[in-house]
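Enquirer: Okay, so here is data.cif, and as you'll see once you scroll down, it has mmCIF, C-alpha atoms.
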data_structure
loop_
_atom_site.group_PDB
_atom_site.id
_atom_site.type_symbol
_atom_site.label_atom_id
_atom_site.label_comp_id
_atom_site.auth_asym_id
_atom_site.auth_seq_id
_atom_site.Cartn_x
_atom_site.Cartn_y
_atom_site.Cartn_z
ATOM 1 C CA MET A 1 29.018 -6.802 -2.898
ATOM 2 C CA ALA A 2 26.772 -4.765 -0.618
ATOM 3 C CA ALA A 3 29.098 -1.770 -0.720
ATOM 4 C CA GLN A 4 28.766 -1.254 -4.449
ATOM 5 C CA ARG A 5 26.545 1.420 -5.920
ATOM 6 C CA SER A 6 25.489 2.192 -9.484
ATOM 7 C CA SER A 7 28.492 2.620 -11.760
ATOM 8 C CA ALA A 8 27.045 5.696 -13.452
ATOM 9 C CA PRO A 9 28.643 8.824 -11.918
ATOM 10 C CA SER A 10 25.589 10.917 -12.788
ATOM 11 C CA ALA A 11 23.288 8.677 -10.748
ATOM 12 C CA ALA A 12 23.857 10.750 -7.575
ATOM 13 C CA PRO A 13 23.262 7.797 -5.221
ATOM 14 C CA ASP A 14 21.727 8.115 -1.787
ATOM 15 C CA LEU A 15 24.989 8.379 0.112
ATOM 16 C CA PRO A 16 25.137 8.181 3.913
ATOM 17 C CA THR A 17 25.158 11.205 6.202
ATOM 18 C CA LEU A 18 26.867 9.973 9.350
ATOM 19 C CA GLY A 19 25.253 11.363 12.470
ATOM 20 C CA GLY A 20 22.245 12.548 10.494
ATOM 21 C CA ARG A 21 23.678 16.024 9.956
ATOM 22 C CA ARG A 22 23.125 18.218 6.915
ATOM 23 C CA SER A 23 26.190 17.960 4.712
ATOM 24 C CA SER A 24 27.619 18.796 1.313
ATOM 25 C CA TYR A 25 27.919 16.223 -1.437
ATOM 26 C CA ARG A 26 31.655 15.988 -0.798
ATOM 27 C CA GLU A 27 30.978 15.297 2.883
ATOM 28 C CA ARG A 28 28.404 12.653 1.973
ATOM 29 C CA VAL A 29 30.984 10.928 -0.248
ATOM 30 C CA ALA A 30 33.446 11.082 2.648
ATOM 31 C CA ASP A 31 30.794 9.582 4.948
ATOM 32 C CA ALA A 32 30.225 6.698 2.530
ATOM 33 C CA LEU A 33 33.964 6.050 2.396
ATOM 34 C CA ARG A 34 34.236 6.227 6.192
ATOM 35 C CA ALA A 35 31.395 3.753 6.575
ATOM 36 C CA ALA A 36 33.077 1.340 4.146
ATOM 37 C CA LEU A 37 36.321 1.787 6.055
ATOM 38 C CA ILE A 38 34.706 1.194 9.465
ATOM 39 C CA ALA A 39 32.850 -1.861 8.145
ATOM 40 C CA GLY A 40 36.143 -3.293 6.927
ATOM 41 C CA GLU A 41 35.158 -3.226 3.252
ATOM 42 C CA LEU A 42 38.185 -1.024 2.567
ATOM 43 C CA ARG A 43 41.030 -3.032 4.014
ATOM 44 C CA PRO A 44 44.111 -1.699 5.823
ATOM 45 C CA GLY A 45 47.256 -1.631 3.720
ATOM 46 C CA GLU A 46 45.323 -1.744 0.451
ATOM 47 C CA VAL A 47 45.768 1.076 -2.067
ATOM 48 C CA TYR A 48 42.600 2.382 -3.730
ATOM 49 C CA SER A 49 42.522 4.798 -6.646
ATOM 50 C CA ALA A 50 39.917 7.559 -6.851
ATOM 51 C CA PRO A 51 38.502 6.251 -10.179
ATOM 52 C CA THR A 52 38.127 2.736 -8.742
ATOM 53 C CA LEU A 53 36.289 4.003 -5.665
ATOM 54 C CA ALA A 54 34.198 6.335 -7.803
ATOM 55 C CA ALA A 55 32.989 3.419 -9.919
ATOM 56 C CA ARG A 56 32.298 1.385 -6.800
ATOM 57 C CA PHE A 57 30.108 4.087 -5.248
ATOM 58 C CA GLY A 58 28.557 5.375 -8.441
ATOM 59 C CA VAL A 59 29.966 8.905 -8.224
ATOM 60 C CA SER A 60 32.541 10.912 -10.150
ATOM 61 C CA ALA A 61 36.242 10.721 -9.290
ATOM 62 C CA THR A 62 36.613 14.367 -8.234
ATOM 63 C CA PRO A 63 34.491 14.273 -5.036
ATOM 64 C CA VAL A 64 36.065 10.924 -4.144
ATOM 65 C CA ARG A 65 39.558 12.390 -4.477
ATOM 66 C CA GLU A 66 38.561 15.416 -2.394
ATOM 67 C CA ALA A 67 36.875 13.232 0.215
ATOM 68 C CA MET A 68 39.904 10.958 0.494
ATOM 69 C CA LEU A 69 42.097 14.013 1.088
ATOM 70 C CA ASP A 70 39.755 14.877 3.973
ATOM 71 C CA LEU A 71 40.153 11.342 5.348
ATOM 72 C CA ALA A 72 43.928 11.681 4.991
ATOM 73 C CA LYS A 73 43.807 14.759 7.253
ATOM 74 C CA GLU A 74 41.965 12.631 9.802
ATOM 75 C CA GLY A 75 44.666 9.967 9.605
ATOM 76 C CA LEU A 76 42.323 7.320 8.180
ATOM 77 C CA VAL A 77 44.193 6.983 4.881
ATOM 78 C CA ASP A 78 47.623 7.904 3.511
ATOM 79 C CA THR A 79 48.236 9.449 0.105
ATOM 80 C CA VAL A 80 50.265 7.277 -2.279
ATOM 81 C CA PRO A 81 51.649 9.480 -5.090
ATOM 82 C CA ASN A 82 50.426 8.526 -8.581
ATOM 83 C CA LYS A 83 48.468 5.567 -7.202
ATOM 84 C CA GLY A 84 45.765 6.659 -4.798
ATOM 85 C CA PHE A 85 45.192 6.193 -1.090
ATOM 86 C CA ARG A 86 46.255 3.498 1.354
ATOM 87 C CA VAL A 87 43.965 2.661 4.277
ATOM 88 C CA THR A 88 45.940 3.115 7.486
ATOM 89 C CA GLU A 89 46.572 0.213 9.808
ATOM 90 C CA VAL A 90 44.877 0.250 13.221
ATOM 91 C CA SER A 91 46.495 -1.964 15.843
ATOM 92 C CA GLU A 92 44.614 -4.273 18.162
ATOM 93 C CA LYS A 93 45.870 -2.143 21.062
ATOM 94 C CA GLN A 94 44.438 0.996 19.480
ATOM 95 C CA LEU A 95 41.072 -0.670 18.900
ATOM 96 C CA ASP A 96 41.013 -1.869 22.504
ATOM 97 C CA GLU A 97 41.797 1.648 23.717
ATOM 98 C CA TYR A 98 39.084 3.214 21.536
ATOM 99 C CA THR A 99 36.534 0.712 22.832
ATOM 100 C CA HIS A 100 37.583 1.261 26.449
ATOM 101 C CA ILE A 101 37.172 5.026 26.136
ATOM 102 C CA ARG A 102 33.806 4.571 24.457
ATOM 103 C CA SER A 103 32.603 2.314 27.264
ATOM 104 C CA LEU A 104 33.656 4.877 29.881
ATOM 105 C CA ILE A 105 31.679 7.581 28.080
ATOM 106 C CA GLU A 106 28.725 5.860 26.440
ATOM 107 C CA ILE A 107 27.530 3.391 29.068
ATOM 108 C CA PRO A 108 26.998 5.836 31.976
ATOM 109 C CA THR A 109 25.680 8.537 29.635
ATOM 110 C CA VAL A 110 23.042 6.258 28.116
ATOM 111 C CA VAL A 111 22.097 4.818 31.525
ATOM 112 C CA ARG A 112 21.372 8.355 32.767
ATOM 113 C CA LEU A 113 19.101 8.885 29.776
ATOM 114 C CA ALA A 114 16.785 6.237 31.239
ATOM 115 C CA THR A 115 15.675 8.839 33.783
ATOM 116 C CA THR A 116 16.254 12.103 31.900
ATOM 117 C CA ALA A 117 15.417 11.601 28.205
ATOM 118 C CA ASP A 118 12.102 12.695 26.764
ATOM 119 C CA PRO A 119 10.153 9.609 25.614
ATOM 120 C CA VAL A 120 9.177 11.376 22.383
ATOM 121 C CA SER A 121 12.840 12.026 21.568
ATOM 122 C CA LEU A 122 13.703 8.417 22.307
ATOM 123 C CA GLU A 123 10.886 7.126 20.138
ATOM 124 C CA ALA A 124 12.123 9.353 17.303
ATOM 125 C CA LEU A 125 15.223 7.131 17.139
ATOM 126 C CA ARG A 126 13.207 3.992 16.409
ATOM 127 C CA PRO A 127 13.258 4.432 12.594
ATOM 128 C CA ALA A 128 17.077 4.478 12.688
ATOM 129 C CA ALA A 129 17.070 1.359 14.894
ATOM 130 C CA ARG A 130 14.832 -0.376 12.373
ATOM 131 C CA GLU A 131 17.104 0.720 9.518
ATOM 132 C CA ILE A 132 19.995 -1.003 11.293
ATOM 133 C CA VAL A 133 18.019 -4.252 11.434
ATOM 134 C CA THR A 134 16.969 -3.934 7.782
ATOM 135 C CA ALA A 135 20.550 -3.264 6.663
ATOM 136 C CA ALA A 136 21.802 -6.238 8.687
ATOM 137 C CA ALA A 137 19.170 -8.521 7.180
ATOM 138 C CA GLY A 138 20.097 -7.340 3.673
ATOM 139 C CA GLY A 139 23.835 -7.587 4.233
ATOM 140 C CA ASP A 140 24.395 -3.899 3.411
ATOM 141 C CA LEU A 141 27.323 -3.140 5.696
ATOM 142 C CA ILE A 142 27.699 0.495 4.689
ATOM 143 C CA ALA A 143 24.027 1.197 5.389
ATOM 144 C CA TYR A 144 24.408 -0.733 8.668
ATOM 145 C CA VAL A 145 27.335 1.377 9.840
ATOM 146 C CA GLU A 146 25.690 4.631 8.723
ATOM 147 C CA ALA A 147 22.445 3.895 10.556
ATOM 148 C CA ASP A 148 24.335 2.601 13.610
ATOM 149 C CA ILE A 149 26.343 5.809 13.907
ATOM 150 C CA ARG A 150 23.253 7.945 13.345
ATOM 151 C CA PHE A 151 21.378 6.043 16.063
ATOM 152 C CA HIS A 152 24.116 6.137 18.688
ATOM 153 C CA LEU A 153 25.188 9.740 18.133
ATOM 154 C CA GLY A 154 21.538 10.783 18.083
ATOM 155 C CA LEU A 155 21.017 8.963 21.366
ATOM 156 C CA LEU A 156 24.060 10.558 22.985
ATOM 157 C CA ALA A 157 22.941 13.980 21.750
ATOM 158 C CA LEU A 158 19.943 13.695 24.070
ATOM 159 C CA ALA A 159 22.380 14.177 26.969
ATOM 160 C CA GLY A 160 22.913 17.752 25.756
ATOM 161 C CA ASN A 161 26.720 17.615 25.542
ATOM 162 C CA SER A 162 27.889 18.302 21.987
ATOM 163 C CA HIS A 163 31.561 17.791 22.866
ATOM 164 C CA LEU A 164 30.806 14.302 24.158
ATOM 165 C CA VAL A 165 29.069 13.468 20.878
ATOM 166 C CA GLU A 166 32.048 14.809 18.921
ATOM 167 C CA VAL A 167 34.534 12.697 20.890
ATOM 168 C CA VAL A 168 32.520 9.496 20.478
ATOM 169 C CA GLY A 169 31.959 10.273 16.794
ATOM 170 C CA ASP A 170 35.705 10.580 16.265
ATOM 171 C CA LEU A 171 36.369 7.295 18.100
ATOM 172 C CA ARG A 172 33.782 5.552 15.917
ATOM 173 C CA LYS A 173 35.402 6.897 12.742
ATOM 174 C CA ARG A 174 38.734 5.450 13.793
ATOM 175 C CA SER A 175 37.356 2.019 14.692
ATOM 176 C CA ARG A 176 37.289 -1.007 12.394
ATOM 177 C CA LEU A 177 34.638 -3.752 12.430
ATOM 178 C CA TYR A 178 36.298 -6.379 10.260
ATOM 179 C CA GLY A 179 34.029 -9.194 11.394
ATOM 180 C CA LEU A 180 30.746 -7.751 10.081
ATOM 181 C CA ASP A 181 30.918 -9.539 6.746
ATOM 182 C CA ALA A 182 31.459 -12.891 8.462
ATOM 183 C CA LEU A 183 28.460 -12.243 10.710
ATOM 184 C CA VAL A 184 26.302 -11.542 7.649
ATOM 185 C CA ARG A 185 27.378 -14.829 6.061
ATOM 186 C CA ALA A 186 26.651 -16.665 9.318
ATOM 187 C CA GLY A 187 23.255 -14.994 9.678
ATOM 188 C CA ARG A 188 24.182 -13.507 13.053
ATOM 189 C CA LEU A 189 24.347 -9.769 12.372
ATOM 190 C CA GLU A 190 20.579 -9.272 12.426
ATOM 191 C CA ALA A 191 20.322 -10.590 15.994
ATOM 192 C CA SER A 192 22.999 -8.150 17.077
ATOM 193 C CA ALA A 193 21.224 -5.333 15.228
ATOM 194 C CA ARG A 194 18.035 -5.948 17.205
ATOM 195 C CA GLU A 195 19.851 -4.866 20.366
ATOM 196 C CA HIS A 196 19.194 -1.274 19.284
ATOM 197 C CA LEU A 197 15.445 -1.869 19.574
ATOM 198 C CA GLU A 198 15.989 -3.680 22.879
ATOM 199 C CA LEU A 199 17.946 -0.691 24.164
ATOM 200 C CA LEU A 200 15.213 1.751 23.150
ATOM 201 C CA ASP A 201 12.566 -0.348 24.887
ATOM 202 C CA ALA A 202 14.636 -0.459 28.091
ATOM 203 C CA LEU A 203 15.114 3.321 27.985
ATOM 204 C CA LEU A 204 11.404 3.915 27.494
ATOM 205 C CA GLU A 205 10.664 1.596 30.415
ATOM 206 C CA ARG A 206 13.076 3.644 32.565
ATOM 207 C CA ASP A 207 14.912 0.434 33.438
ATOM 208 C CA GLU A 208 18.475 1.575 34.237
ATOM 209 C CA ARG A 209 19.701 -1.926 35.022
ATOM 210 C CA ALA A 210 18.468 -3.258 31.669
ATOM 211 C CA VAL A 211 19.953 -0.287 29.819
ATOM 212 C CA HIS A 212 23.332 -0.907 31.460
ATOM 213 C CA ALA A 213 23.193 -4.596 30.564
ATOM 214 C CA VAL A 214 22.279 -3.979 26.906
ATOM 215 C CA MET A 215 24.895 -1.250 26.442
ATOM 216 C CA THR A 216 27.622 -3.363 28.051
ATOM 217 C CA ARG A 217 26.746 -6.337 25.852
ATOM 218 C CA HIS A 218 26.434 -4.172 22.750
ATOM 219 C CA LEU A 219 29.804 -2.432 23.131
ATOM 220 C CA GLY A 220 31.354 -5.786 23.947
ATOM 221 C CA HIS A 221 30.635 -6.850 20.373
ATOM 222 C CA VAL A 222 33.073 -4.234 19.058
ATOM 223 C CA ARG A 223 36.045 -6.276 20.266
ATOM 224 C CA GLY A 224 34.187 -9.585 20.198
ATOM 225 C CA LEU A 225 31.660 -10.550 17.553
ATOM 226 C CA TRP A 226 32.396 -7.643 15.223
ATOM 227 C CA ALA A 227 36.186 -7.669 15.498
ATOM 228 C CA ALA A 228 37.122 -11.033 13.983
ATOM 229 C CA PRO A 229 39.192 -10.681 10.786
#
In structure tokens, what does this structure look like?
Expert:
Amino acid sequence: MAAQRSSAPSAAPDLPTLGGRRSSYRERVADALRAALIAGELRPGEVYSAPTLAARFGVSATPVREAMLDLAKEGLVDTVPNKGFRVTEVSEKQLDEYTHIRSLIEIPTVVRLATTADPVSLEALRPAAREIVTAAAGGDLIAYVEADIRFHLGLLALAGNSHLVEVVGDLRKRSRLYGLDALVRAGRLEASAREHLELLDALLERDERAVHAVMTRHLGHVRGLWAAP
């Protein structure tokens, strides 16, 4: 499975850093778990023990247990005494509401960037966009989600509103993209991933109408292509 890492806890794998921020090892473990949760690789209602997750990600059980306690504070998992952690259920209504709020924030913000963002800053996001495509082609859903979040939060950060980035980041953490694995099997995720490059090109061309169209289509996948169980 793409989510699995080396089983040796001492391997210190290259764990994600969602949003591209500097973070502690515990936070990086939490980011990896969040990415697996968002990608639907950790399923709602399932109970996962810290040792099982530690083996899956190639880390020791202690940072996993600490990271899962952090996720419990965020409402993403519940603690199950003597067993581990249960991934919380997210209703279809909640997912629709998260996506609606994101569309209200992200689409107009990114469209404005077509006339305000520095081309150099936009071009600096291209490596992340390419990582998304590479992860999609390789079927690595955790890497896909990590790079996707890093790209989009990095893009929104160019608007200069840190609170906006924080709100969208929280909405993304709470979302679930259960259909990603099916898209990988069908060979369709890579085409969707290339929309990030298309969006960058439209921004660099200062084409507001194209930016609006790509962003609308892209966010539509959250409750369309990417949402199927």
Enquirer: Check what the PyMOL selection byres ((chain A and resi 203) around 10) selects in the file above and give those residues as a list in words.
Expert: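 Answer for the PyMOL selection byres ((chain A and resi 203) around 10): Val110, Val111, Arg112, Leu113, Ala114, Thr115, Thr116, Ala117, Asp118, Pro119, Leu122, Glu123, Leu197, Glu198, Leu199, Leu200, Asp201, Ala202, Leu204, Glu205, Arg206, Asp207, Glu208, Arg209, Ala210, Val211 and His212 of chain A.
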Enquirer: From the options A:Leu125, A:Ala30, A:Leu76, A:Ala182, which residue's atoms come nearest to Leu141 of chain A, counting all atoms listed in the file?
Expert: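 Checking each candidate against Leu141 of chain A, we get A:Ala182 as the closest.
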Enquirer: Residues within 7 Å of (20.1, -1.5, 12.7), file coordinates, counting all atoms listed in the file: what are they? Give the list as a ChimeraX atom specification.
Expert: /A:128-136,144,147-148,193-194,196
Enquirer: Let me have the centre and edge lengths of the axis-aligned box enclosing all listed atoms of segment 197-216 of chain A with 3 Å padding on every side, in Å to one decimal, as lines of an AutoDock Vina configuration file.
Expert:
center_x = 19.1
center_y = -0.3
center_z = 27.3
size_x = 23.0
size_y = 14.5
size_z = 21.4
Enquirer: What's the separation between atom CA of Ala54 of chain A and atom CA of His152 of chain A, in Å to one decimal place?
Expert: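 Atom CA of His152 of chain A lies at a distance of 28.3 Å from atom CA of Ala54 of chain A.
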Enquirer: Using atom CA of Arg176 of chain A and atom CA of Leu189 of chain A as the two end points, give the distance in Å to one decimal.
Expert: 15.6 Å
Enquirer: Residues at most 7 Å from Ile38 of chain A, counting only C-alpha atoms, excluding those fewer than 6 positions away in the same chain, as JSON, numbers by chain?
Expert: {"A": [173, 175, 176, 177]}
Enquirer: Of the candidates A:Tyr98, A:Asp78, A:Arg56, A:Thr109, which one gets nearest to Gly160 of chain A if we count all atoms listed in the file?
Expert: A:Thr109
Enquirer: Which residues match the PyMOL selection byres ((chain A and resi 70) around 12) in the file above, as a PyMOL selection string?
Expert: chain A and resi 26-31+33-34+63-69+71-79+85
Enquirer: Residues as selected, C-alpha atoms, written as a short mmCIF file (atom, residue, chain, number, x, y, z; two decimals), in the coordinates of the input, can you do that?
Expert:
data_model
loop_
_atom_site.label_atom_id
_atom_site.label_comp_id
_atom_site.auth_asym_id
_atom_site.auth_seq_id
_atom_site.Cartn_x
_atom_site.Cartn_y
_atom_site.Cartn_z
CA ARG A 26 31.66 15.99 -0.80
CA GLU A 27 30.98 15.30 2.88
CA ARG A 28 28.40 12.65 1.97
CA VAL A 29 30.98 10.93 -0.25
CA ALA A 30 33.45 11.08 2.65
CA ASP A 31 30.79 9.58 4.95
CA LEU A 33 33.96 6.05 2.40
CA ARG A 34 34.24 6.23 6.19
CA PRO A 63 34.49 14.27 -5.04
CA VAL A 64 36.06 10.92 -4.14
CA ARG A 65 39.56 12.39 -4.48
CA GLU A 66 38.56 15.42 -2.39
CA ALA A 67 36.88 13.23 0.22
CA MET A 68 39.90 10.96 0.49
CA LEU A 69 42.10 14.01 1.09
CA LEU A 71 40.15 11.34 5.35
CA ALA A 72 43.93 11.68 4.99
CA LYS A 73 43.81 14.76 7.25
CA GLU A 74 41.96 12.63 9.80
CA GLY A 75 44.67 9.97 9.60
CA LEU A 76 42.32 7.32 8.18
CA VAL A 77 44.19 6.98 4.88
CA ASP A 78 47.62 7.90 3.51
CA THR A 79 48.24 9.45 0.10
CA PHE A 85 45.19 6.19 -1.09
#
Enquirer: Looking at only C-alpha atoms, which of A:Ala186, A:Leu180, A:Ile142, A:Val168 is the one that sits closest to Leu155 of chain A?
Expert: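 The answer is A:Val168, which sits nearest to Leu155 of chain A.
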Enquirer: So, counting all atoms listed in the file, which residue among A:Lys93, A:Leu37, A:Val80, A:Ala61 is closest to Glu146 of chain A?
Expert: A:Leu37
Enquirer: Rounded to one decimal, what separation in Å do you get between atom CA of His100 of chain A and atom CA of Leu219 of chain A?
Expert: 9.2 Å
Enquirer: Here's the selection I'm unsure about, the PyMOL selection byres ((chain A and resi 164) around 12); applied to the file above, which residues does it give, as a ChimeraX atom specification?
Expert: /A:101-102,104-106,109-110,152-163,165-171
Enquirer: Between A:Val184, A:Ala32, A:Val47, A:Ile107, single out the one closest to Ala137 of chain A, counting all atoms listed in the file.
Expert: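 Counting all atoms listed in the file, the residue closest to Ala137 of chain A is A:Val184.
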Enquirer: Which one of A:Thr99, A:Pro108, A:Pro127, A:Arg150 sits closest to Ala213 of chain A if you count only C-alpha atoms?
Expert: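 Closest to Ala213 of chain A, using only C-alpha atoms: A:Pro108.
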